[in-house]
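Notes for the one structure printed next.
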Amino acid sequence: MSTGSSESSATDSGPHRVRVIIFRVVATVAGLFFVVAVVVMASGPWVLLQPDQDVRTELNRWFLTVAGSVDAITAGVLLALALRPRRTLLIVELTGAVIVAGAIILPFQPSFAAILAIGVVPLIAYPYWREVRTFPSWWTGLSWSVLILAVLAGVALLVTAAIAFPRQIGRIDEAARGGWWLDYAEHATVLALAGVLAASRGPGCRILRGLCGAVWLYLGLVAALVLPHHPGSWGRIGGAAALLVGIGFGLATWRGPDRQATGSPHRALP
């Protein structure tokens with residue numbers, strides 16, 4: 001009886017400590033890679049830091065800003081997971097981002113697989129996949145106002161992606177020849193996905209809401225005041241709308257996870 005009990009305890013104790021340490025290291029390294037990408041690209045409205053002369057052009061400032069800003073979500077997700085790996089909502093968001101990026105970009109740019117691998121390796125090393133099975137419970141007792149905000153903002157982003165994708169295929173301008181409309185469609189879709197997931201009550205929802213809010217605020221500010229007339233920009237009106245979305249996510253972050261329905265033992269983790 002004691003033997004069986006010890007075996008059961010070992011089985012239920014979760015992944016081996018070494019696996020968790022390996023994941024923390026992998027997630028930290030990958031997160032720092034994206035931090036560098038954020039610094040290099042999100043600074044596009046003010047300074048062009050890209051070493052590639054074909055990328056470092058005035059017309060690409062908005063595309064660089066969007067790419068760097070949305071990559072900030074990936075960087076934040078990876079570093080938050082390195083700190084607390086059981087934030088399973090964040091691993092779901094990372095999985096979705098990798099799938100979206102691969103589906104949109106790989107058919108046109110196979111070399112993108114090298115960058116995609118930086119997001120895939122943490123997924124392979126993740127030690128708590130079993131806990132993702134609670135995904136359906138994350139959507140009970142949530143705030144409908146946050147969900148409606150996320151869905152409306154997500155629809156607007158998907159429309160943007162739907163407009164950008166044909167422009168890339170048609171190669172109608174310089175941005176298309178540089179692959180920027182494709183990149184734009186990918187990052188817009190990833191931001192839409194992150195927002196909808198942030199509306200849930202999954203472990204890590206508060207972090208994801210904060211990241212989404214920061215990205216929306218930054219892009220809104222840049223679109224409205226700095227790059228309103230650049231190719232792909234949301235313009236002043238779109239930028240003002242983005243600022244409102246960012247404020248909405250910010251308020252949701254400040255409020256924290258909404259209370260679960262009475263009698264449910266599930267509790268959302270920050």
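Labeling convention for the structure tokens: chains A, B, ... as they appear, residues from 1 per chain, ligands from 1 in order of appearance.
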
| request: Name the residues in contact with Ile118 in chain A at a cut-off of 9 Å, using only C-alpha atoms, excluding same-chain residues fewer than 5 positions from it; report them as number ranges by chain. | output: A: 30, 33, 113

Using N, CA and C atoms, can you export the residues from the last selection as a PDB file, in the first residue's frame?
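So the final result, stored in again-v8.pdb, reads:
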ATOM      1  N   ALA A  30      14.643  33.143 -25.241  1.00  0.00           N
ATOM      2  CA  ALA A  30      13.738  33.525 -26.329  1.00  0.00           C
ATOM      3  C   ALA A  30      13.104  34.886 -26.054  1.00  0.00           C
ATOM      4  N   PHE A  33      15.492  37.645 -26.809  1.00  0.00           N
ATOM      5  CA  PHE A  33      15.608  37.840 -28.262  1.00  0.00           C
ATOM      6  C   PHE A  33      14.509  38.790 -28.755  1.00  0.00           C
ATOM      7  N   ALA A 113      11.279  30.250 -41.085  1.00  0.00           N
ATOM      8  CA  ALA A 113      11.269  29.108 -40.153  1.00  0.00           C
ATOM      9  C   ALA A 113      12.343  29.260 -39.078  1.00  0.00           C
TER      10      ALA A 113
END

| said: Among range 95-184 of chain A, which residues does DSSP mark as alpha helix (DSSP H) when it is run on the backbone? Keep the chain and numbering as in the structure and answer as a ChimeraX atom specification. | reply: /A:95-105,113-125,144-170,174-177,180-184

How would the residues just picked look written out with C-alpha atoms as a compact mmCIF listing (two decimals), in the first residue's frame?
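Writing the result to part-v4.txt gives the following:
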# COMPACT_ATOMS: atom_id res chain seq x y z
CA THR A 95 1.01 28.72 -29.39
CA GLY A 96 -1.58 30.72 -31.29
CA ALA A 97 0.98 33.35 -32.28
CA VAL A 98 3.35 30.69 -33.62
CA ILE A 99 0.56 29.03 -35.61
CA VAL A 100 -0.64 32.34 -37.07
CA ALA A 101 2.87 33.45 -38.00
CA GLY A 102 3.68 30.11 -39.60
CA ALA A 103 0.42 29.91 -41.55
CA ILE A 104 0.68 33.44 -42.96
CA ILE A 105 4.39 33.91 -43.59
CA ALA A 113 11.27 29.11 -40.15
CA ALA A 114 14.54 30.07 -38.45
CA ILE A 115 12.84 32.90 -36.55
CA LEU A 116 9.72 30.84 -35.93
CA ALA A 117 11.85 28.18 -34.24
CA ILE A 118 12.64 30.67 -31.48
CA GLY A 119 8.96 30.52 -30.52
CA VAL A 120 8.58 26.80 -31.13
CA VAL A 121 11.39 25.64 -28.82
CA PRO A 122 9.73 27.01 -25.64
CA LEU A 123 6.52 25.23 -26.65
CA ILE A 124 8.39 21.94 -26.93
CA ALA A 125 10.10 22.49 -23.57
CA TRP A 144 -18.78 40.61 -21.00
CA SER A 145 -17.62 44.20 -21.41
CA VAL A 146 -13.99 43.09 -21.74
CA LEU A 147 -14.93 40.30 -24.13
CA ILE A 148 -17.01 42.62 -26.33
CA LEU A 149 -14.14 45.15 -26.41
CA ALA A 150 -11.68 42.41 -27.39
CA VAL A 151 -13.95 40.98 -30.09
CA LEU A 152 -14.72 44.37 -31.66
CA ALA A 153 -11.05 45.35 -31.66
CA GLY A 154 -10.15 41.91 -33.01
CA VAL A 155 -12.65 42.20 -35.87
CA ALA A 156 -11.16 45.57 -36.85
CA LEU A 157 -7.69 44.02 -36.87
CA LEU A 158 -8.81 41.05 -38.94
CA VAL A 159 -10.34 43.44 -41.47
CA THR A 160 -6.97 45.20 -41.58
CA ALA A 161 -5.24 41.86 -42.14
CA ALA A 162 -7.75 40.92 -44.85
CA ILE A 163 -6.97 44.16 -46.68
CA ALA A 164 -3.20 43.81 -46.27
CA PHE A 165 -2.95 40.20 -47.48
CA PRO A 166 -4.20 40.80 -51.07
CA ARG A 167 -1.92 43.81 -51.35
CA GLN A 168 1.01 41.54 -50.60
CA ILE A 169 -0.06 38.94 -53.14
CA GLY A 170 -0.62 41.59 -55.79
CA GLU A 174 7.14 49.06 -52.46
CA ALA A 175 5.80 47.75 -49.15
CA ALA A 176 4.55 44.62 -50.90
CA ARG A 177 7.88 44.07 -52.59
CA TRP A 180 5.59 44.32 -45.29
CA TRP A 181 1.90 43.82 -46.02
CA LEU A 182 2.37 40.13 -45.21
CA ASP A 183 4.14 40.99 -41.98
CA TYR A 184 1.40 43.51 -41.18

| Who sits within 8 Å of Val35 in chain A, only C-alpha atoms, same chain under 2 positions skipped, as a PyMOL selection string | chain A and resi 31-33+37-39+71-72+75

Hey, could you make a per-residue contact list for range 53-148 of chain A against range 219-240 of chain A with 12 Å as the cut-off, showing the nearest pair of atoms and its distance in Å to one decimal, counting only C-alpha atoms, sorted by chain and number, as a Markdown table?
| residue | atom | partner | partner_atom | distance |
| --- | --- | --- | --- | --- |
| A:Thr57 | CA | A:His230 | CA | 11.6 |
| A:Glu58 | CA | A:His230 | CA | 8.6 |
| A:Leu59 | CA | A:His230 | CA | 6.4 |
| A:Asn60 | CA | A:Pro231 | CA | 7.6 |
| A:Arg61 | CA | A:His230 | CA | 7.5 |
| A:Trp62 | CA | A:Ser233 | CA | 6.1 |
| A:Phe63 | CA | A:Gly232 | CA | 7.2 |
| A:Leu64 | CA | A:Gly232 | CA | 10.8 |
| A:Thr65 | CA | A:Leu219 | CA | 7.5 |
| A:Val66 | CA | A:Leu219 | CA | 7.0 |
| A:Ala67 | CA | A:Leu219 | CA | 10.4 |
| A:Gly68 | CA | A:Leu219 | CA | 10.3 |
| A:Ser69 | CA | A:Leu219 | CA | 7.5 |
| A:Val70 | CA | A:Leu219 | CA | 9.5 |
| A:Ala72 | CA | A:Leu219 | CA | 12.0 |

Written selection (C-alpha atoms) as a short mmCIF file (atom, residue, chain, number, x, y, z; two decimals), in the first residue's frame:
data_model
loop_
_atom_site.label_atom_id
_atom_site.label_comp_id
_atom_site.auth_asym_id
_atom_site.auth_seq_id
_atom_site.Cartn_x
_atom_site.Cartn_y
_atom_site.Cartn_z
CA THR A 57 13.36 53.33 -45.09
CA GLU A 58 11.00 56.16 -44.25
CA LEU A 59 7.96 54.40 -45.76
CA ASN A 60 8.44 51.35 -43.52
CA ARG A 61 8.20 53.20 -40.20
CA TRP A 62 4.60 52.17 -39.43
CA PHE A 63 5.16 48.53 -40.38
CA LEU A 64 8.25 48.39 -38.18
CA THR A 65 6.34 49.97 -35.32
CA VAL A 66 3.50 47.44 -35.53
CA ALA A 67 5.90 44.51 -35.76
CA GLY A 68 7.97 45.66 -32.78
CA SER A 69 4.93 46.55 -30.66
CA VAL A 70 3.18 43.21 -31.17
CA ALA A 72 6.44 43.06 -27.18
#

| query | Restricting the calculation to only C-alpha atoms, which member of A:Phe108, A:Phe23, A:Phe34, A:Phe249 is positioned closest to Gly178 in chain A? | reply | A:Phe108

Show me, as a JSON list (two decimals) with C-alpha atoms, in the first residue's frame, the residues that have an atom within 7 Å of range 199-214 of chain A when counting only C-alpha atoms, minus same-chain residues fewer than 6 positions from it.
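This is the output file part27.json:
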[["chain", "number", "residue", "atom", "x", "y", "z"],
["A", 73, "ILE", "CA", 3.52, 40.79, -26.30],
["A", 87, "ARG", "CA", 0.49, 30.77, -16.36],
["A", 88, "THR", "CA", -1.08, 28.47, -18.92],
["A", 89, "LEU", "CA", -3.09, 31.15, -20.72],
["A", 90, "LEU", "CA", 0.21, 32.66, -21.84],
["A", 138, "TRP", "CA", -11.40, 30.07, -18.29],
["A", 139, "TRP", "CA", -14.46, 31.46, -20.05],
["A", 142, "LEU", "CA", -15.81, 36.56, -17.24],
["A", 146, "VAL", "CA", -13.99, 43.09, -21.74],
["A", 147, "LEU", "CA", -14.93, 40.30, -24.13],
["A", 150, "ALA", "CA", -11.68, 42.41, -27.39],
["A", 246, "GLY", "CA", -5.88, 50.58, -24.92],
["A", 247, "ILE", "CA", -7.61, 52.42, -22.08],
["A", 249, "PHE", "CA", -7.63, 46.95, -21.64],
["A", 250, "GLY", "CA", -5.81, 49.08, -19.07],
["A", 252, "ALA", "CA", -9.48, 45.59, -17.25],
["A", 253, "THR", "CA", -5.90, 45.04, -16.09],
["A", 256, "GLY", "CA", -7.92, 42.19, -12.35],
["A", 257, "PRO", "CA", -9.58, 38.84, -13.11],
["A", 268, "ALA", "CA", -7.73, 32.97, -12.17],
["A", 269, "LEU", "CA", -4.08, 33.69, -11.51],
["A", 270, "PRO", "CA", -2.47, 37.01, -12.44]]

| said: Could you tell me how far CA of Ala192 in chain A sits from CA of Arg86 in chain A, in Å to one decimal place? | reply: 23.3 Å

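Distances to Arg84 in chain A were evaluated for A:Ile21, A:Pro107, A:Phe135, A:Gly44 using only C-alpha atoms, and the minimum falls at A:Ile21.
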
| request: Tell me which protein, DNA and RNA residues are within 7 Å of Ala194 in chain A, counting only C-alpha atoms, leaving out same-chain ones fewer than 4 positions away, and put them as a ChimeraX atom specification. | output: /A:93,190,198

| request: Choose the residue, out of A:Tyr126, A:Gly195, A:Ile91, A:Asp173, that has the smallest atom-to-atom separation from Pro15 in chain A; count only C-alpha atoms. | output: A:Tyr126

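Atom pair CA of Pro136 in chain A / CA of Gly248 in chain A has a distance of 24.1 Å (rounded to one decimal).
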
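Between Ala80 in chain A and the candidates A:Thr134, A:Val40, A:Leu106, A:Arg24, the tightest atom-to-atom separation, counting only C-alpha atoms, involves A:Arg24.
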